[in-house]
Structure formats: C-alpha cells, structure tokens
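Okay, start17.cif now, which holds mmCIF, C-alpha atoms:
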data_target
#
loop_
_atom_site.label_atom_id
_atom_site.label_comp_id
_atom_site.auth_asym_id
_atom_site.auth_seq_id
_atom_site.Cartn_x
_atom_site.Cartn_y
_atom_site.Cartn_z
CA MET A 28 45.16 99.33 62.46
CA PRO A 29 42.45 96.66 61.92
CA GLU A 30 40.53 95.38 64.92
CA CYS A 31 42.39 92.55 66.62
CA ASN A 32 40.69 89.13 66.42
CA HIS A 33 43.40 87.57 68.64
CA ASN A 34 44.32 85.04 65.95
CA CYS A 35 48.03 85.74 65.65
CA GLY A 36 48.46 82.95 63.10
CA GLU A 37 46.59 85.03 60.52
CA CYS A 38 48.26 88.36 61.31
CA SER A 39 51.68 89.80 60.50
CA LEU A 40 51.43 92.86 62.75
CA GLU A 41 53.60 93.24 65.83
CA CYS A 42 51.58 94.49 68.78
CA GLY A 43 51.24 94.09 72.54
CA SER A 44 48.56 91.45 72.12
CA ARG A 45 50.68 89.15 69.98
CA GLU A 46 51.18 85.75 71.52
CA GLN A 47 54.77 84.59 71.42
CA THR A 48 53.98 81.38 69.58
CA ASN A 49 56.11 79.41 67.14
CA PHE A 50 53.90 78.52 64.19
CA GLN A 51 56.56 76.55 62.34
CA GLU A 52 55.54 73.10 61.18
CA LYS A 53 57.85 70.11 61.26
CA PRO A 54 58.75 68.68 57.85
CA ASN A 55 57.74 65.18 56.87
CA PRO A 56 59.97 62.57 58.56
CA GLY A 57 61.12 61.57 55.07
CA SER A 58 62.52 65.05 54.43
CA HIS A 59 65.93 66.28 55.53
CA ILE A 60 66.31 69.80 54.15
CA LYS A 61 69.29 72.05 54.83
CA LYS A 62 68.16 75.35 53.27
CA VAL A 63 64.80 76.80 52.24
CA ILE A 64 64.76 79.73 49.81
CA ALA A 65 61.58 81.53 48.71
CA VAL A 66 61.35 83.47 45.44
CA VAL A 67 58.85 86.31 45.84
CA SER A 68 57.44 89.48 44.33
CA GLY A 69 54.56 91.81 44.98
CA LYS A 70 52.80 91.12 41.67
CA GLY A 71 52.43 88.48 39.02
CA GLY A 72 54.06 88.25 35.62
CA VAL A 73 57.55 89.34 36.66
CA GLY A 74 59.20 85.94 36.26
CA LYS A 75 59.28 84.29 39.69
CA SER A 76 58.83 80.82 38.20
CA LEU A 77 61.62 81.41 35.69
CA VAL A 78 63.98 82.63 38.42
CA THR A 79 63.03 79.69 40.68
CA SER A 80 63.65 77.23 37.86
CA LEU A 81 67.01 78.72 36.91
CA LEU A 82 68.24 78.78 40.51
CA ALA A 83 67.21 75.15 40.98
CA VAL A 84 68.87 74.06 37.73
CA ASN A 85 72.05 75.96 38.61
CA ALA A 86 72.16 74.38 42.06
CA LYS A 87 71.71 70.92 40.55
CA ARG A 88 74.57 71.59 38.11
CA MET A 89 76.70 72.59 41.12
CA GLY A 90 76.22 69.09 42.50
CA LYS A 91 73.52 69.85 45.06
CA LYS A 92 70.40 67.87 45.88
CA VAL A 93 67.53 70.16 44.99
CA ALA A 94 63.75 70.35 45.41
CA ILE A 95 61.03 72.83 44.40
CA ILE A 96 57.66 73.57 46.00
CA ASP A 97 55.28 75.26 43.59
CA ALA A 98 53.35 77.42 46.05
CA ASP A 99 51.46 79.31 43.34
CA ILE A 100 48.43 77.07 43.75
CA THR A 101 46.08 78.90 41.38
CA GLY A 102 48.71 79.45 38.69
CA PRO A 103 51.31 76.66 38.91
CA SER A 104 54.14 76.85 36.36
CA ILE A 105 56.87 74.50 37.60
CA PRO A 106 55.49 71.29 36.00
CA THR A 107 55.33 73.08 32.64
CA ALA A 108 58.87 74.47 32.90
CA PHE A 109 60.29 71.02 33.71
CA GLY A 110 58.04 69.06 31.33
CA LEU A 111 56.54 66.94 34.13
CA LYS A 112 53.65 64.74 33.00
CA GLU A 113 53.46 61.98 35.61
CA LYS A 114 51.60 62.35 38.89
CA ALA A 115 52.90 62.43 42.43
CA THR A 116 52.44 59.15 44.28
CA GLY A 117 52.07 58.07 47.90
CA ASP A 118 52.18 55.06 50.18
CA GLY A 119 49.60 56.04 52.79
CA THR A 120 52.15 57.68 55.07
CA ALA A 121 53.75 60.20 52.71
CA ILE A 122 53.44 61.80 49.30
CA PHE A 123 56.40 61.46 46.96
CA PRO A 124 57.34 64.33 44.64
CA VAL A 125 57.92 63.95 40.92
CA THR A 126 61.57 63.83 39.90
CA SER A 127 62.69 65.85 36.88
CA LYS A 128 65.00 64.38 34.26
CA THR A 129 68.11 65.78 36.01
CA GLY A 130 66.96 64.75 39.48
CA ILE A 131 65.16 67.81 40.90
CA GLU A 132 62.31 66.85 43.24
CA CYS A 133 59.17 68.83 42.36
CA MET A 134 55.85 69.25 44.13
CA SER A 135 52.89 71.13 42.65
CA LEU A 136 49.11 70.91 42.73
CA ASN A 137 49.19 70.15 39.01
CA LEU A 138 51.06 66.95 39.85
CA LEU A 139 48.05 65.81 41.91
CA MET A 140 45.19 66.78 39.58
CA ASP A 141 43.71 64.51 36.91
CA ASP A 142 43.18 67.53 34.66
CA PRO A 143 45.74 70.31 35.22
CA SER A 144 43.63 72.70 33.13
CA GLU A 145 40.84 72.69 35.70
CA PRO A 146 40.69 76.01 37.60
CA VAL A 147 41.38 75.99 41.31
CA VAL A 148 38.45 77.83 42.88
CA TRP A 149 39.45 77.66 46.53
CA ARG A 150 39.32 80.09 49.39
CA GLY A 151 42.50 81.28 51.07
CA PRO A 152 42.49 78.94 54.11
CA VAL A 153 42.20 75.89 51.85
CA VAL A 154 45.09 77.07 49.69
CA SER A 155 47.19 77.79 52.78
CA GLY A 156 46.38 74.35 54.16
CA LEU A 157 47.67 72.71 50.99
CA ILE A 158 50.96 74.62 51.28
CA LYS A 159 51.41 73.21 54.77
CA GLN A 160 50.72 69.73 53.41
CA PHE A 161 53.43 70.20 50.78
CA TRP A 162 55.80 70.64 53.73
CA THR A 163 54.46 68.18 56.31
CA GLU A 164 53.19 65.32 54.11
CA VAL A 165 55.67 65.23 51.21
CA ALA A 166 58.88 63.20 51.60
CA TYR A 167 61.59 65.00 49.62
CA GLY A 168 64.52 62.96 50.93
CA ASP A 169 67.93 64.48 51.59
CA ILE A 170 67.90 68.00 50.11
CA ASP A 171 70.60 70.67 50.17
CA GLU A 172 68.41 73.49 48.83
CA LEU A 173 64.63 73.65 48.55
CA TYR A 174 63.21 76.51 46.47
CA ILE A 175 59.66 77.81 46.87
CA ASP A 176 58.02 79.45 43.87
CA MET A 177 55.68 81.87 45.63
CA PRO A 178 52.42 83.36 44.37
CA PRO A 179 52.29 87.13 43.87
CA GLY A 180 51.24 89.49 46.61
CA THR A 181 51.37 89.61 50.38
CA ALA A 182 48.25 87.70 51.36
CA ASP A 183 47.46 84.24 52.76
CA VAL A 184 50.07 82.03 51.10
CA PRO A 185 53.14 84.23 51.71
CA LEU A 186 52.00 84.70 55.31
CA THR A 187 51.58 80.94 55.72
CA VAL A 188 54.98 80.19 54.18
CA PHE A 189 56.80 82.81 56.23
CA GLN A 190 55.21 81.67 59.49
CA THR A 191 55.20 77.90 59.12
CA LEU A 192 58.34 77.07 57.10
CA PRO A 193 61.94 77.70 58.22
CA ILE A 194 62.82 80.21 55.50
CA ASP A 195 66.57 80.88 55.31
CA GLY A 196 66.14 83.79 52.91
CA ILE A 197 64.12 85.21 50.05
CA VAL A 198 65.05 86.40 46.59
CA VAL A 199 62.89 89.28 45.36
CA VAL A 200 62.09 89.41 41.64
CA THR A 201 61.26 92.67 39.93
CA THR A 202 61.28 94.36 36.53
CA PRO A 203 62.48 97.88 35.71
CA GLN A 204 59.08 99.60 35.64
CA ASP A 205 58.34 102.05 38.46
CA LEU A 206 54.93 100.50 39.22
CA VAL A 207 56.48 97.09 39.77
CA SER A 208 59.16 98.63 41.99
CA LEU A 209 56.45 100.15 44.17
CA ILE A 210 54.68 96.82 44.52
CA VAL A 211 57.95 95.02 45.23
CA GLU A 212 58.52 97.45 48.08
CA LYS A 213 55.38 96.05 49.70
CA ALA A 214 56.87 92.55 49.57
CA LEU A 215 60.10 93.83 51.11
CA LYS A 216 58.21 95.51 53.94
CA MET A 217 56.29 92.31 54.59
CA ALA A 218 59.55 90.36 54.80
CA ASN A 219 60.90 92.88 57.30
CA MET A 220 57.71 92.64 59.37
CA MET A 221 58.07 88.86 59.47
CA ASN A 222 61.83 88.99 60.22
CA ILE A 223 62.64 87.12 57.01
CA LYS A 224 66.10 87.70 55.56
CA VAL A 225 66.12 89.28 52.10
CA LEU A 226 69.12 88.01 50.14
CA GLY A 227 68.78 90.51 47.31
CA ILE A 228 66.99 91.45 44.11
CA VAL A 229 66.86 89.82 40.68
CA GLU A 230 65.70 92.03 37.84
CA ASN A 231 63.91 90.23 35.01
CA MET A 232 63.27 91.62 31.51
CA SER A 233 66.10 94.00 32.20
CA TYR A 234 67.59 94.32 28.71
CA ILE A 235 67.80 92.98 25.17
CA GLU A 236 71.19 91.84 23.90
CA CYS A 237 72.04 92.22 20.23
CA PRO A 238 72.96 88.76 18.84
CA HIS A 239 75.49 90.34 16.45
CA CYS A 240 77.45 92.87 18.49
CA GLY A 241 76.43 92.07 22.06
CA GLU A 242 75.24 95.60 22.79
CA ARG A 243 72.57 95.84 25.48
CA VAL A 244 69.41 97.86 24.94
CA TYR A 245 67.23 98.74 27.92
CA PRO A 246 63.63 99.00 26.65
CA TYR A 247 62.25 99.99 30.06
CA GLY A 248 65.15 102.22 31.02
CA GLN A 249 68.00 101.57 33.42
CA SER A 250 67.31 99.98 36.79
CA ASP A 251 65.79 102.11 39.50
CA LYS A 252 68.29 102.03 42.37
CA LYS A 253 65.97 103.62 44.93
CA ILE A 254 64.74 100.36 46.45
CA GLU A 255 68.29 98.98 46.64
CA GLU A 256 69.52 102.12 48.38
CA LYS A 257 66.53 102.44 50.70
CA TYR A 258 66.73 98.86 51.98
CA GLY A 259 70.46 98.32 51.63
CA LEU A 260 69.92 95.47 49.19
CA LYS A 261 72.09 94.26 46.36
CA LEU A 262 71.03 93.65 42.76
CA LEU A 263 72.19 90.04 42.57
CA GLY A 264 71.49 89.47 38.91
CA SER A 265 69.66 90.58 35.78
CA LEU A 266 67.86 88.52 33.16
CA PRO A 267 67.37 89.68 29.58
CA ILE A 268 64.30 89.42 27.41
CA ASP A 269 65.41 86.15 25.83
CA ASN A 270 63.29 84.10 23.42
CA MET A 271 65.52 81.09 24.07
CA LEU A 272 64.64 81.02 27.76
CA ALA A 273 60.94 81.50 27.03
CA SER A 274 61.02 78.62 24.53
CA LYS A 275 62.79 76.31 26.97
CA VAL A 276 60.09 76.96 29.58
CA ASP A 277 57.22 76.49 27.12
CA GLU A 278 58.75 73.25 25.85
CA GLY A 279 59.39 71.91 29.33
CA ASN A 280 63.14 71.93 28.78
CA ILE A 281 64.40 74.53 31.24
CA GLU A 282 67.03 72.03 32.39
CA ASP A 283 68.58 72.14 28.91
CA TYR A 284 69.23 75.87 28.86
CA GLU A 285 72.75 76.94 28.00
CA GLY A 286 74.18 79.83 29.96
CA ASN A 287 75.21 81.02 33.40
CA TYR A 288 72.31 83.26 34.38
CA LEU A 289 71.96 83.99 38.12
CA LEU A 290 75.06 82.09 39.23
CA GLU A 291 75.87 84.98 41.57
CA VAL A 292 72.55 84.40 43.31
CA ASN A 293 73.40 80.72 43.78
CA LYS A 294 76.73 81.69 45.32
CA VAL A 295 74.97 83.96 47.82
CA ILE A 296 72.61 81.11 48.75
CA GLU A 297 75.54 78.70 49.06
CA ASN A 298 77.23 81.04 51.54
CA ILE A 299 74.25 81.47 53.86
#
Rewrite the coordinates I just gave you, this time as structure tokens.
Amino acid sequence: MPECNHNCGECSLECGSREQTNFQEKPNPGSHIKKVIAVVSGKGGVGKSLVTSLLAVNAKRMGKKVAIIDADITGPSIPTAFGLKEKATGDGTAIFPVTSKTGIECMSLNLLMDDPSEPVVWRGPVVSGLIKQFWTEVAYGDIDELYIDMPPGTADVPLTVFQTLPIDGIVVVTTPQDLVSLIVEKALKMANMMNIKVLGIVENMSYIECPHCGERVYPYGQSDKKIEEKYGLKLLGSLPIDNMLASKVDEGNIEDYEGNYLLEVNKVIENI
C-alpha cells in the first residue's frame, strides 16, 4: 500500500485513516438533473464515445431531456460525433452548453477552445478541476439523463468524477479481446472500491453482419463470459463493426443513425 499523505480526496483506498467526508459538488443552480450515467472502460479505443452518443440519442428519441459531458479532456470526441461547430457561451454567472440539432445539451473542452486541434498539455489536477467546472459552472437546465463520456483508465478524472458527481450508475464498454477484458476488470474493481453501481457491459466491435444473409461473423471470437460471471454482471448489448455508424460519427451525424442499437441499455437506465 502506498504511503498515506492524508489527502483522502486524491485516494480511492479504504483504510482506517480515511476521513468520512462527502466530496460531492453541488451542480450549477441552473441545472436540475435526475440521473447521471458514466460510460467507462479501462483503455482507449474501445468505443466509449460511440456508446455514449448512441445512448444519448436513444434517450432523446424516447422523449427524454438529455445532456452529455465530454470528460475526455485530452481526446474529446462528442463535438465531432454531433457535428457541433459553435462555441459554448456564458453570461458571467454560468456557462451554457451547445445544443445539438435534436436538442441534446453538450459540454466539451473543444466547445471552449478557439482552435480544437490544439493539444491539451495539462497536468492531472488542472484536468480534474475542469471536470468539476463542467458540473458546477455549466447550466444544463432540466435534464432527465446526463451521460458522461469518460477518458480511459482509472486515474485522476475517473476518481474526480466518481467522488464529486452523484453517479447513478456506470456502463462499462469492452471489446472481445482478452487483453481488453483484463483492463476492463481494473475499471470494474475501481467502481467497486468507490461504491459505484455497475449497470452492465456493452461489447463493441463484437461481430460483422453479412448484408446479404444476415449471418454474424465474430472476427475476435465469441465473448469472454468470465468477467460477467465473476462480477455477476449482464452483457446489456453488443455493437457490430459497422461502417455506417463510423461514417455517421465522422460526418457529425450520429443523430441521424437508423437502428435500435443499445435500447436494452436505455431501458435499464430508465428503470434505475
């Protein structure tokens, strides 16, 4: 165990020295949010932003008021997926998110920068501080479901989000490869350490579907059920390798996708 520095706000370990302190921040007075769902994984490139976008679009189509926080500060993808070009505004007391064409409220660092292509070369505490600002200084309005597109890993930002925001549950994104499953297990263990409810698993790049006969081919093999069995989790949904979805994201038209991917996940969130 690392040497204790008595700063419980930067530590996820449970020990006798832990101060029983509530680190949760209050949302901006202009925000009234019913549910907060984080989309996480232990590594990058597994499709967290795609899953976040699809869940938000599905929820909007179900008649809900929806918002997204793009918490992947160094690699934001939400503005690209939704084709957002304008910048977030403010009135001196609050920042206002950018509204997508179907009415999803979005907040991302790229919506604040003059040049979104500029790299973000910040240390962890600065990044974590910005995440808190996305919660405390942004007025999202009346929101039924707010989705957080998390960065990969189990470091500063996930710790900040889990400790300071009232997370109602997380959706864990994985792919079929064994290495990814091992890394995802780290994210699951972190959630358990932080007493965060895990709603279930979404497997991305799970299969390829033949456009002629509908047969499914599993290029990485069938899903590994070990993590599901070990943690008592449910595979809530699977996404194929689909050029249509990739094109919609690249074009900024994820809201125009046709299909019913991940509706079962939305139903689980609705029933929390």
statement: In terms of only C-alpha atoms, the residue from A:Ile197, A:Val66, A:Met89, A:Ile235 at minimal distance from Ala218 (chain A) is A:Ile197
message: With all atoms listed in the file as the counted atoms, please give the residues lying no more than 6 Å from Ile175 (chain A), apart from itself and same-chain residues fewer than 4 positions off, as an MDAnalysis selection string.
response: chainID A and resid 65 95:96
query: Skipping near chain neighbours, those fewer than 4 positions away, what residues fall within 12 Å of Val200 (chain A) using all atoms listed in the file, listed as a PyMOL selection string?
result: chain A and resi 65-79+176-180+207-208+210-212+214-215+225-233+262-266+289+292
query: Could you spell out the hits of the PyMOL selection byres ((chain A and resi 54) around 9) on the shown file, as a ChimeraX atom specification?
result: /A:52-53,55-60,161-166,192
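Here, the PyMOL selection byres ((chain A and resi 149-159) around 7) matches A:Ala98, A:Ile100, A:Val147, A:Val148, A:Gln160, A:Phe161, A:Trp162, A:Thr163, A:Asp183, A:Val184, A:Thr187.
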- prompt: A:Gly259, A:Pro146, A:Pro267, A:Pro124: which is nearest Tyr234 (chain A), counting only C-alpha atoms?
  reply: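 That would be A:Pro267, the residue with the smallest distance to Tyr234 (chain A).
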- prompt: Restricting the calculation to all atoms listed in the file, which member of A:Lys114, A:Asn270, A:Lys61, A:Asn293 is positioned closest to Asp171 (chain A)?
  reply: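 Closest to Asp171 (chain A) of all the choices is A:Lys61.
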For the contact check between region 210-293 of chain A and region 101-108 of chain A, emit one row per residue of region 210-293 of chain A within 9 Å, containing the shortest atom pair and the distance in Å rounded to one decimal, counting only C-alpha atoms, chain then rising number order, as a Markdown table.
| residue | atom | partner | partner_atom | distance |
| --- | --- | --- | --- | --- |
| A:Lys275 | CA | A:Ala108 | CA | 7.3 |
| A:Val276 | CA | A:Ala108 | CA | 4.3 |
| A:Asp277 | CA | A:Ala108 | CA | 6.3 |
| A:Glu278 | CA | A:Ala108 | CA | 7.2 |
| A:Gly279 | CA | A:Ala108 | CA | 4.4 |
| A:Asn280 | CA | A:Ala108 | CA | 6.5 |
| A:Ile281 | CA | A:Ala108 | CA | 5.8 |
| A:Glu282 | CA | A:Ala108 | CA | 8.5 |
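Across the model, the gap from CA of Asp169 (chain A) to CA of Thr120 (chain A) is 17.5 Å.
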query: Expanded to explicit residues, what is the PyMOL selection byres ((chain A and resi 85-87) around 10) for this file, as an MDAnalysis selection string?
result: chainID A and resid 79:84 88:94 129:131 171:173 282 286:290 292:294 296:297
Axis-aligned box for all listed atoms of region 60-79 of chain A, 3 Å per side, centre and edges in Å to one decimal, as lines of an AutoDock Vina configuration file:
center_x = 60.9
center_y = 80.8
center_z = 45.2
size_x = 22.9
size_y = 28.0
size_z = 25.2
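The interatomic distance for the pair CA of Leu139 (chain A) and CA of Val188 (chain A) works out to 20.1 Å.
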